[in-house]
Amino acid sequence: MTGPLFDITVAVARIAVFFAFCFGLVVVMTWVERKGAAYIQDRRGPNRADIFGIRAWGLFHPLADALKFLFKEDFIPDNAHRLFYQMAPMFSLAPAILGIAVIPFGPDVTVMGRTVALQIADLNVGILYLFAVSGMTVYGVVLGGWASGSKYPLLGGLRSSAQMLSYEVSMGLSLIGIFMVFESVRMSQIVAGQGGLLFGVVPKWGVLVQPLGFILFLVAQYAEANRTPFDMPESESELVAGYHTEYASFKFSMFMMAEYLHMVVGAAVVATLFFGGWQFPYLGDAGFLFPGGFAVAMPPALVLLLRIGAFVAKVLFFAWLYVWVRWTVPRFRYDQVMRLGWKVMLPLSLLNIFVTGLTLLLLKK
Amino acid sequence: METVLFILFGAIAVCGAIMVVTRKHPMASALYLILTLFAVAALFVLRQAHFLAAIQVIIYAGAVVVLFIFVIMLINVPEDRLPVERATTMRVLGVLAAGFFILESAVLARRFWMPIGPVAEVGTVEAVGRALFTDYLLAFEITSVLLLAAVIGAIALAKRKI
Amino acid sequence: MAGFLATVDFSNPYFAVLVLLVIALAMSVGFVLLSQALGPKRYDRIKYGVYECGVDPITPAAVRVSVKFYLVAILFILFDLETTFLYPWAVLFRSLGWFGFIEMAVFVGILLVGLVYAWKKGALEWQ
């Protein structure tokens with residue numbers, strides 16, 4: 001293959017693979033959410049949909065849901081602002097899709113004598129790109145609430161947009177410590193930096209060097225994704241379904257897809273920044289190398305497989321954590337959410353930066 | 001390719017900007033403003049100013065326009081009561097003057113045309129930071145005073161109603 | 001065309017972002033159109049009316065929004081700006097050393113005054 005053709009193939013293949021992974025996980029997550037809720041609440045959960053009598057633990061329910069949404073009546077309420085009402089789900093879904101670009105899902109591999117990074121786009125602004133595109137999600141929420149021409153969506157949209165703004169600040173600030181330690185905002189470099197060992201014993205994962213940062217980031221991310229315990233827009237006992245109350249059919253499911261895609265990307269970001277991304281503990285390029293000097297040699301293909309497997313496992317765990325938390329923790333009141341965001345998270349993340357800076361400077365001497 | 005993309009995003013930016021000022025509904029103007037800001041960010045990327053592009057989207061498209069939209073919702077004028085702007089003589093003259101100004105700048109720019117080669121490694125996060133925290137340190141510190149003034153101003157304005 | 005393609009750098013990561021952007025736009029617009037094309041259309045006054053738990057709305061939905069949200073947006077812009085200054089600082093932190101540390105401490109300190117002011121004035125309270 002010639003140069004440009006090779007480049008195009010690589011670019012398209014990377015997008016196709018990771019896109020399929022993310023969307024596949026979105027589909028599975030809708031099932032996990034319901035099934036997980038059922039098991040936590042001691043129910044059976046969805047188990048009815050079948051294809052030729054095969055039920056597969058209700059795994060066909062997401063498929064049935066998608067088809068059902070597609071063939072539902074797609075109506076625009078008389079009171080809604082037609083154009084803006086149609087645009088809101090687009091503003092929700094498009095940024096969510098764009099967000100998958102900067103996540104490294106594996107180490108560099110050599111294909112036909114050329115090094116290929118397993119990451120759709122290794123931008124040098126790295127995570128800032130993700131902040132930029134995910135910042136656009138707030139328009140879907142605001143526009144959806146406002147354009148519906150109804151009170152519940154308006155209040156829900158406002159509440160959740162103010163909440164998203166409040167936590168976006170702490171989200172950015174909580175990562176500063178990670179950037180300071182790994183001296184980069186580039187995702188691939190942050191992952192590479194986590195390959196080393198801390199004190200020669202434990203893997204130098206972000207969570208070990210930035211424990212407070214990790215907790216703050218996780219909380220901010222749950223608030224950003226509007227998940228319980230911060231699901232203000234959909235506090236169904238108060239606001240029906242929040243900003244998408246007036247939405248039906250596939251437009252509603254676009255909001256849902258965006259939410260789940262944010263969860264998947266969020267899980268991948270936590271895994272990448274704080275849990276070593278595709279790094280497998282003690283696994284080097286040539287095989288395992290344990291602190292005691294004990295080594296196990298391995299073929300490169302197996303190493304690659306283990307590393308991608310490690311990434312997938314971490315993402316799955318954090319995706320499951322969203323569901324776990326949702327059915328374990330009760331919802332906050334709105335004033336509590338805002339108080340937590342501005343009066344606890346913000347000062348704590350500034351303190352985290354201060355302490356990290358001090359530690360780094362004192363260690364250097 | 002870069003030239004094609006530059007013209008494409010430049011055209012999007014200009015068209016979006018025209019739409020911002022000509023749309024009747026303020027919400028439509030705000031959305032076109034987002035489009036324009038995105039196109040400008042794309043232009044930054046084409047000039048290798050990656051950090052600037054990211055900041056452009058984070059701050060302008062992600063924060064400032066949200067504020068605009070909140071204000072639009074805060075005032076919330078019903079659609080039939082939106083003010084109709086008429087093309088008065090002054091406005092037409094204003095547009096013409098602006099057009100001449102742009103044309104003149106274009107002519108001037110052509111006259112002092114400097115071919116800009118590929119600017120390598122000045123737009124990265126590291127390069128911007130290095131400039132900001134050494135050469136432009138005073139400006140950076142003064143920014144914080146400006147931001148402080150903005151916080152106090154905003155609270156003083158809103159205070160009556162809290 | 002071949003000459004034009006030769007000028008394209010397909011290995012540039014922003015090319016992938018452009019492709020992804022096209023996919024994202026096509027999907028979001030496509031889904032909206034698709035769902036409009038496929039579903040049935042049966043008009044019903046109640047169904048197309050405002051959702052208010054089955055009761056006819058008595059006031060229009062165009063409520064004016066509390067000024068609090070505006071204040072949150074302003075505070076967000078300011079602290080977001082502060083964060084953007086912190087990104088390059090964090091990346092360069094080790095090479096800037098104590099000098100950079102004090103530099104940023106002054107910057108954040110001045111902004112903290114703003115936060116404390118907002119706090120004391122009750123701008124962060126929600127009833």
# chains A, B, ... in the order shown; residues from 1 in each chain; ligands from 1
call {"tool": "interface_residues", "arguments": {"of": "chain A", "to": "chain C", "cutoff": "6 Å", "atoms": "only C-alpha atoms", "output": "list in words"}}
result
Asp7, Ile8, Ala11, Leu70, Phe71, Lys72, Glu73, Asp74, Pro77, Asp78, Met90, Ala94, Ile97, Ala121, Asp122, Gly149, Ser150, Lys151, Val169, Phe179, Met180, Glu183, Ser184, Phe250 and Asp335 of chain A
call {"tool": "interface_residues", "arguments": {"of": "chain B", "to": "chain C", "cutoff": "8 Å", "atoms": "only C-alpha atoms", "output": "PyMOL selection string"}}
result
chain B and resi 1-2+55+59+63-64+66-67+70-71+73-76+78+125-126+128-130+133+141+144-145+147-148+150-152+154-155+158-159+161-162
call {"tool": "interface_residues", "arguments": {"of": "chain A", "to": "chain B", "cutoff": "12 Å", "atoms": "only C-alpha atoms", "output": "VMD selection string"}}
result
chain A and resid 79 to 81 83 to 85 87 to 88 91 95 123 to 143 145 to 147 149 154 to 155 157 to 159 161 to 162 164 to 166 168 to 169 172 179 183 to 186
call {"tool": "write_last_selection", "arguments": {"atoms": "N, CA and C atoms", "output": "compact mmCIF listing (two decimals), in the first residue's frame"}}
result
# COMPACT_ATOMS: atom_id res chain seq x y z
N ASN A 79 -46.92 23.94 20.76
CA ASN A 79 -46.38 25.09 21.45
C ASN A 79 -44.87 25.25 21.25
N ALA A 80 -44.25 24.23 20.66
CA ALA A 80 -42.79 24.24 20.57
C ALA A 80 -42.32 25.14 19.44
N HIS A 81 -41.07 25.56 19.57
CA HIS A 81 -40.44 26.30 18.49
C HIS A 81 -39.85 25.27 17.55
N LEU A 83 -38.04 24.71 14.76
CA LEU A 83 -36.66 24.50 14.32
C LEU A 83 -35.75 24.17 15.51
N PHE A 84 -35.84 24.97 16.56
CA PHE A 84 -34.95 24.77 17.70
C PHE A 84 -35.26 23.45 18.40
N TYR A 85 -36.55 23.09 18.39
CA TYR A 85 -36.96 21.83 18.98
C TYR A 85 -36.29 20.66 18.26
N MET A 87 -33.48 20.87 16.62
CA MET A 87 -32.03 20.95 16.68
C MET A 87 -31.46 20.46 18.01
N ALA A 88 -32.25 20.53 19.06
CA ALA A 88 -31.73 20.18 20.39
C ALA A 88 -31.13 18.77 20.46
N PHE A 91 -27.75 18.73 18.92
CA PHE A 91 -26.73 19.34 19.77
C PHE A 91 -26.31 18.41 20.90
N PRO A 95 -21.87 16.23 19.80
CA PRO A 95 -20.67 16.37 20.64
C PRO A 95 -20.29 15.05 21.32
N LEU A 123 -4.26 14.18 19.44
CA LEU A 123 -4.10 15.64 19.36
C LEU A 123 -3.17 16.11 20.47
N ASN A 124 -2.41 17.18 20.19
CA ASN A 124 -1.54 17.65 21.26
C ASN A 124 -2.30 18.46 22.30
N VAL A 125 -3.56 18.85 22.00
CA VAL A 125 -4.34 19.49 23.05
C VAL A 125 -5.10 18.44 23.88
N GLY A 126 -5.06 17.19 23.41
CA GLY A 126 -5.56 16.05 24.17
C GLY A 126 -6.90 16.26 24.83
N ILE A 127 -6.88 16.22 26.17
CA ILE A 127 -8.12 16.26 26.94
C ILE A 127 -8.84 17.59 26.77
N LEU A 128 -8.13 18.65 26.40
CA LEU A 128 -8.80 19.94 26.20
C LEU A 128 -9.81 19.85 25.06
N TYR A 129 -9.48 19.03 24.06
CA TYR A 129 -10.42 18.80 22.97
C TYR A 129 -11.71 18.21 23.52
N LEU A 130 -11.55 17.24 24.44
CA LEU A 130 -12.73 16.60 25.02
C LEU A 130 -13.55 17.62 25.81
N PHE A 131 -12.87 18.47 26.57
CA PHE A 131 -13.60 19.52 27.30
C PHE A 131 -14.35 20.42 26.32
N ALA A 132 -13.69 20.76 25.22
CA ALA A 132 -14.30 21.66 24.25
C ALA A 132 -15.57 21.06 23.67
N VAL A 133 -15.49 19.82 23.21
CA VAL A 133 -16.69 19.26 22.58
C VAL A 133 -17.75 18.92 23.61
N SER A 134 -17.35 18.43 24.79
CA SER A 134 -18.40 18.07 25.74
C SER A 134 -19.05 19.32 26.32
N GLY A 135 -18.36 20.46 26.23
CA GLY A 135 -18.98 21.71 26.65
C GLY A 135 -20.18 22.08 25.78
N MET A 136 -20.24 21.49 24.58
CA MET A 136 -21.34 21.82 23.68
C MET A 136 -22.65 21.14 24.09
N THR A 137 -22.53 20.08 24.90
CA THR A 137 -23.72 19.32 25.28
C THR A 137 -24.74 20.20 25.98
N VAL A 138 -24.26 21.21 26.67
CA VAL A 138 -25.16 22.05 27.45
C VAL A 138 -26.19 22.73 26.54
N TYR A 139 -25.84 22.96 25.27
CA TYR A 139 -26.80 23.59 24.36
C TYR A 139 -27.97 22.67 24.07
N GLY A 140 -27.70 21.36 23.95
CA GLY A 140 -28.79 20.42 23.74
C GLY A 140 -29.79 20.51 24.88
N VAL A 141 -29.26 20.60 26.10
CA VAL A 141 -30.11 20.65 27.28
C VAL A 141 -30.90 21.95 27.33
N VAL A 142 -30.20 23.07 27.17
CA VAL A 142 -30.85 24.38 27.26
C VAL A 142 -31.88 24.54 26.14
N LEU A 143 -31.45 24.20 24.93
CA LEU A 143 -32.31 24.38 23.76
C LEU A 143 -33.53 23.47 23.84
N GLY A 145 -34.95 22.28 26.49
CA GLY A 145 -35.87 22.76 27.51
C GLY A 145 -36.60 24.00 27.08
N TRP A 146 -35.88 24.88 26.42
CA TRP A 146 -36.48 26.16 26.06
C TRP A 146 -37.43 26.03 24.87
N ALA A 147 -37.04 25.22 23.87
CA ALA A 147 -37.81 25.16 22.63
C ALA A 147 -39.08 24.34 22.78
N GLY A 149 -41.44 24.77 24.75
CA GLY A 149 -42.59 25.62 25.04
C GLY A 149 -43.45 25.07 26.15
N LEU A 154 -38.51 23.52 30.56
CA LEU A 154 -37.77 24.76 30.74
C LEU A 154 -37.02 24.74 32.07
N LEU A 155 -37.75 24.39 33.13
CA LEU A 155 -37.11 24.37 34.45
C LEU A 155 -36.02 23.30 34.50
N GLY A 157 -34.29 22.05 32.00
CA GLY A 157 -33.15 22.45 31.18
C GLY A 157 -32.29 23.47 31.88
N LEU A 158 -32.95 24.44 32.53
CA LEU A 158 -32.18 25.47 33.23
C LEU A 158 -31.38 24.90 34.37
N ARG A 159 -32.08 24.12 35.17
CA ARG A 159 -31.42 23.52 36.33
C ARG A 159 -30.20 22.73 35.89
N SER A 161 -28.52 22.76 33.12
CA SER A 161 -27.43 23.49 32.48
C SER A 161 -26.60 24.24 33.52
N ALA A 162 -27.28 24.84 34.50
CA ALA A 162 -26.52 25.54 35.55
C ALA A 162 -25.66 24.55 36.32
N MET A 164 -24.43 21.70 35.10
CA MET A 164 -23.32 21.27 34.25
C MET A 164 -22.21 22.32 34.25
N LEU A 165 -22.62 23.60 34.18
CA LEU A 165 -21.61 24.66 34.20
C LEU A 165 -20.84 24.63 35.51
N SER A 166 -21.57 24.49 36.63
CA SER A 166 -20.91 24.55 37.93
C SER A 166 -19.86 23.45 38.07
N GLU A 168 -18.41 21.78 35.56
CA GLU A 168 -17.38 21.78 34.53
C GLU A 168 -16.11 22.44 35.08
N VAL A 169 -16.31 23.46 35.94
CA VAL A 169 -15.16 24.14 36.53
C VAL A 169 -14.33 23.16 37.36
N GLY A 172 -12.43 20.55 35.23
CA GLY A 172 -11.18 21.02 34.67
C GLY A 172 -10.11 21.14 35.73
N PHE A 179 -2.07 16.76 35.08
CA PHE A 179 -1.22 17.40 34.07
C PHE A 179 0.13 17.78 34.68
N GLU A 183 3.10 16.09 33.16
CA GLU A 183 3.65 17.15 32.32
C GLU A 183 3.12 17.16 30.90
N SER A 184 1.85 16.86 30.74
CA SER A 184 1.27 16.89 29.41
C SER A 184 -0.25 16.90 29.52
N VAL A 185 -0.90 17.41 28.46
CA VAL A 185 -2.35 17.26 28.38
C VAL A 185 -2.68 16.23 27.30
N ARG A 186 -1.65 15.68 26.70
CA ARG A 186 -1.83 14.73 25.62
C ARG A 186 -2.14 13.36 26.21
call {"tool": "residues_around", "arguments": {"residues": "stretch 342-359 of chain A", "least_positions_apart": "3", "cutoff": "7 Å", "atoms": "only C-alpha atoms", "output": "list of chain:residue names"}}
result
A:Ser166, A:Ser170, A:Leu173, A:Ser174, A:Ile176, A:Gly177, A:Leu212, A:Gly213, A:Leu216, A:Met338, A:Arg339, A:Leu362, A:Leu363
call {"tool": "write_last_selection", "arguments": {"atoms": "C-alpha atoms", "output": "PDB file, in the first residue's frame"}}
result
ATOM      1  CA  SER A 166     -20.908  24.548  37.931  1.00  0.00           C
ATOM      2  CA  SER A 170     -14.245  21.520  39.128  1.00  0.00           C
ATOM      3  CA  LEU A 173      -9.487  21.974  37.933  1.00  0.00           C
ATOM      4  CA  SER A 174      -9.392  18.431  39.289  1.00  0.00           C
ATOM      5  CA  ILE A 176      -4.667  20.015  36.703  1.00  0.00           C
ATOM      6  CA  GLY A 177      -2.845  17.816  39.214  1.00  0.00           C
ATOM      7  CA  LEU A 212      -8.159  13.531  45.727  1.00  0.00           C
ATOM      8  CA  GLY A 213      -8.106  14.558  42.095  1.00  0.00           C
ATOM      9  CA  LEU A 216     -13.218  15.098  42.537  1.00  0.00           C
ATOM     10  CA  MET A 338     -25.009  23.686  43.775  1.00  0.00           C
ATOM     11  CA  ARG A 339     -23.511  24.070  47.224  1.00  0.00           C
ATOM     12  CA  LEU A 362       9.744  19.675  47.611  1.00  0.00           C
ATOM     13  CA  LEU A 363      10.434  16.254  46.086  1.00  0.00           C
TER      14      LEU A 363
END
call {"tool": "atom_distance", "arguments": {"atom1": "atom CA of A:Met187", "atom2": "atom CA of A:Gly277"}}
result
9.2 Å
call {"tool": "select_by_dssp", "arguments": {"residues": "stretch 96-266 of chain A", "states": "helix (DSSP H, G or I)", "output": "ChimeraX atom specification"}}
result
/A:96-102,127-134,137-147,151-182,187-193,206-209,211-224,232-234,236-239,242-244,249-266
call {"tool": "atom_distance", "arguments": {"atom1": "atom CA of A:Glu33", "atom2": "atom CA of A:Phe317"}}
result
13.1 Å
call {"tool": "select_by_dssp", "arguments": {"residues": "stretch 38-126 of chain A", "states": "strand (DSSP E or B)", "output": "ChimeraX atom specification"}}
result
/A:51,54,109-111,114-116
call {"tool": "write_last_selection", "arguments": {"atoms": "N, CA and C atoms", "output": "mmCIF file, in the first residue's frame"}}
result
data_model
loop_
_atom_site.group_PDB
_atom_site.id
_atom_site.type_symbol
_atom_site.label_atom_id
_atom_site.label_comp_id
_atom_site.auth_asym_id
_atom_site.auth_seq_id
_atom_site.Cartn_x
_atom_site.Cartn_y
_atom_site.Cartn_z
ATOM 1 N N ILE A 51 -35.669 -13.726 19.935
ATOM 2 C CA ILE A 51 -35.582 -13.961 18.500
ATOM 3 C C ILE A 51 -35.620 -15.465 18.311
ATOM 4 N N ILE A 54 -35.086 -17.531 21.369
ATOM 5 C CA ILE A 54 -33.871 -17.357 22.179
ATOM 6 C C ILE A 54 -33.977 -16.042 22.929
ATOM 7 N N VAL A 109 1.122 0.169 17.659
ATOM 8 C CA VAL A 109 1.422 -1.115 17.042
ATOM 9 C C VAL A 109 2.151 -0.857 15.733
ATOM 10 N N THR A 110 2.871 -1.861 15.267
ATOM 11 C CA THR A 110 3.581 -1.719 14.003
ATOM 12 C C THR A 110 2.824 -2.489 12.929
ATOM 13 N N VAL A 111 2.332 -1.750 11.941
ATOM 14 C CA VAL A 111 1.606 -2.377 10.838
ATOM 15 C C VAL A 111 2.377 -2.091 9.560
ATOM 16 N N ARG A 114 5.137 0.372 9.779
ATOM 17 C CA ARG A 114 4.901 1.739 10.232
ATOM 18 C C ARG A 114 4.219 1.728 11.585
ATOM 19 N N THR A 115 4.539 2.716 12.400
ATOM 20 C CA THR A 115 3.958 2.777 13.732
ATOM 21 C C THR A 115 2.577 3.411 13.659
ATOM 22 N N VAL A 116 1.615 2.715 14.234
ATOM 23 C CA VAL A 116 0.257 3.213 14.237
ATOM 24 C C VAL A 116 -0.217 3.296 15.678
#
